[in-house]
Every structure is written in structure tokens, then in C-alpha cells.
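The structure under discussion appears below in the form of C-alpha cells.
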Amino acid sequence: KNPTAQTEPPSVMVSQLFPNKSYPKGEEVEYKDENNYRTTNEEKRHLDNLQSEFLSDFREAAEIHRQVRQYAKKSIRPGQSLTEIAETIENSVRALTGHSGLTEGDAMAAGMGFPCGLSLNHCAAHYTPNAGNKMVLQQDDVMKVDFGVHVKGRIVDSAFTVAFEPKYDNLLKAVQEATNAGIREAGIDARVGEIGGVIQETMESFEVEIDGTTYPVKSIRNLTGHNILPYSIHGTKAVPIVKSNDVTKMEEGDVFAIETFGSTGNGYVRDDMEVSHYAKNADKHHVDLRLSSAKALLSVINKNFGTLPFCRRYLDRLGQDKYLLGLNSLVASDIVEAYPPLCDKKGSYTAQFEHVRPPMSPEYQHVP
Ligand SMILES: O=S(=O)(c1cccs1)N(Cc1ccc(F)cc1)Cc1ncn[nH]1
Ligand SMILES: [Mn+2]
Ligand SMILES: [Mn+2]
Ligand SMILES: [Mn+2]
């Protein structure tokens, strides 16, 4: 008999909770569409069933993300180690997709779309603990929880900020309002530079008082939202979060992650600390490798992740060891890209809010 409710921590596969893939549609919103769109019925039918497979994979991934982040928001507490927080989220995603990722290729069927980021305070993105990390979440921390869920390569990339102290409320409100403003502006034919202007205006209308000092909230000018392609988390188009004259347009069928980052620091991030996040370069073809450990590691990456981002802990759990020399040589020959933590200045605070919203084609326009 199919289970009817999710457990805590989450363990019931979402495909069992929604028989015949009747996943919730989630929010479909109106968007401004200057030119009205005409399709023949034949085209429409073809487009519909082409999209329905792609949409049902996205909706399954979105429902899994929703259930896991709901549990994460309830269960994350000061005193927990970053490692246990990351592993609880990652193991919940794997349980809900029904893919442990421990057998060859299984993580490419469904599972983590990319590592669970747990970036603290002045660090905004791409931090997750490596093996042996002893860090413990503190009462005063501002932690960005950013994890991906994919089903057959359709990646849902959504993030939120955890803070226990109310003094950060305005910083968190700034990013929530800015992201929602960006999502309202998104749609077919929307220009990404204009979206950036609306995001920055919303973000920078906030200020936040922390421990007696009042800071204007700044949009982090060198972080962006981005479109998402199958098995590729950082597509081809970026959505700036500051005003820009980039006239790149959102197109029908594009899927965008709209993410905004607010900061009390410089409003600019730099690479910092040890790398944990990596991904194979999609556009890099075969390069002759001398180092046998690099060759062996590349075959493990190809067979388990393809172009999906991974972190060192994912290699550990696959039983790989002494892989650093090989990994660094794959990075040096540009076969694998390293994504170091992105941090503003020490002592500053950053927050993030991220949501995926495909600019729907007219057929999916939902009349409220
Ligand atoms: O900053 S990005 O590298 C980027 C590239 C082009 C435009 S934005 N990045 C993509 C990514 C890279 C590596 C990962 F492990 C996971 C994601 C955005 C992002 N990070 C977290 N959520 N969204
Ligand atoms: Mn499956
Ligand atoms: Mn993200
Ligand atoms: Mn993203």
C-alpha cells in the first residue's frame, strides 16, 4: 500500500506519495508578453507532450526540494556540526529520489543536483565541509543553505538563509524582497540587465542594524542568477543582481534560477579558503593525461557525476582516497573546474534567497 505521508527526517520516496506522477504544479504566474502567441493545435500537442516529460521531472525534483528544505528549516539548530547538517539534507534528497548514488551512474539518474552549500556569515556561496571539518553552527551565524535536486538531469536550484538572531531580520527581508521582485520581472523577452536593476533597487532600499552599527544592504555585484540546462547548473545566461546594460533576453523554454545576495560588506566576493565544490567542464574534450591517479579519478567522475557538480565528501563516500593530487591535476588541465567559496570581507554578513522559475510558454500561462 502506498504510504500517504512523509516521515521526519524525510524518507518516503516522493514518487510513492504522488502516484502516476501527479506532482503539484507549483506556482505558475502571469507574465508580460507583448506579442500574442499563436500555435497550431498540432504544434501545441507536440509541444505539450514534449514538455510534459521535462516538466514532470522538474516537478518531482521541486517537490523533493520542497519537502527537504521544509524539514531542514525545522531541524537546523546551533550546536549541530556543518557535516551533520549537510549529510542530513543530502541523505534526505537521496532517500526521496530513491537513488543512493552509491552504485555506478546512480547519482546521474536522480539525486543531488549539486553539493549542499552551507556558507557562513561573510561567505556567500560554494562552501561545504570537507572530511575532518569540525565546525559547529553558532547562535550568531548567518548560514546560506543552497542545495540542488535533480531528476534525470532537470536541476532545481533553490536556497534560503538561516539566522537565529532577530538582528539580521532586515538583511534576510532584503534578499527575499529582491528575489521576489526579480521573479516578477522574469518572463519571455525580459532583459536580464533590467531585471538586475529592479533587484538592486529593491535590495538597496533596506538597511540593517547589527550590534549598534547601521549598514545599507548592498547587492553583491559579482554574483548572478543563471539559466539551467540538463545536467548543467550554470547554463549560458546570467541574471545580474545590479543594474546592467546587458540586453540578453529570457527566451521561451529557458529555466532560470533567480538568486540574490545581500551584504553589509563591500558588496563584492572573492575566492577564499579551501575548495570543496568541483564540476567537469562540459565544453572540454579529451586531453592526454599523464598522471594515472588523474586518469582513474576522471573515470570515477565520468561514471558517477558526468557534468553535475560534486564535492570531496562525495568522493569519500564512493570509497576514493588519496585523490587530491589527481583532482588538482584535473583542475590544472581545465578538465575539472574548481568552485572555491565566494566571500565578502571578514566581519561582514551576507544573505541569499533563490528560486527557480521557468519563464513558461503561453500554454502554461496560468490564469489565477
Ligand atoms: O555561481 S555559479 O558558479 C554561476 C555560474 C554562472 C552563473 S552563476 N553557480 C553555479 C554552480 C556552480 C557550482 C556548484 F557546485 C553549484 C552551482 C551558481 C550557484 N551556485 C549555487 N547555486 N547557484
Ligand atoms: Mn528513479
Ligand atoms: Mn543555488
Ligand atoms: Mn543558482
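Convention: chains lettered A, B, ... in C-alpha cells order; per-chain residue numbering from 1; ligands numbered from 1 as shown.
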
For Val151 (chain A), please output as a list in words all residues within 6 Å (counting only C-alpha atoms; exclusion window: fewer than 6 positions along the same chain).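 Residues near the query, excluding close chain neighbours: Asp57, Ala61 and Ala110 of chain A.
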
Looking only at helix (DSSP H, G or I) from DSSP on the backbone, list the matching residues of region 32-230 of chain A as a PyMOL selection string. chain A and resi 41-75+82-97+106-109+166-185+192-203

Run DSSP on the backbone and tell me which residues of region 20-208 of chain A come out as strand (DSSP E); list them as an MDAnalysis selection string. chainID A and resid 110:120 123:125 142:151 154:163 207:208

Within 8 Å of ligand 4 (counting only C-alpha atoms and all ligand atoms), which residues show up? I'd like them as a PyMOL selection string. chain A and resi 157-158+224-226+233-234+257-259+354

Mind checking which residues fall within 8 Å of Tyr168 (chain A), counting only C-alpha atoms, ignoring those fewer than 3 positions away in the same chain, and posting them as a list in words?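 Contacts, in chain order: Val142, Ala163, Glu165, Leu171, Leu172, Val208, Glu209 and Ile210 of chain A.
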
Could you please extract the residues within 7 Å of ligand 1, counting only C-alpha atoms and all ligand atoms, and hand them back as number ranges by chain? A: 114-115, 125-126, 146, 157, 223-226, 233-235, 238, 277-279, 309-310, 339

Applying 9 Å and only C-alpha atoms, which residues near Asp271 (chain A) remain after dropping the ones on its own chain fewer than 6 positions away? List them as a PyMOL selection string. chain A and resi 339-343

With only C-alpha atoms as the atoms that count, which of A:Ser119, A:Ser292, A:Ser299, A:Thr248 lies nearest to Ser276 (chain A)? A:Ser119
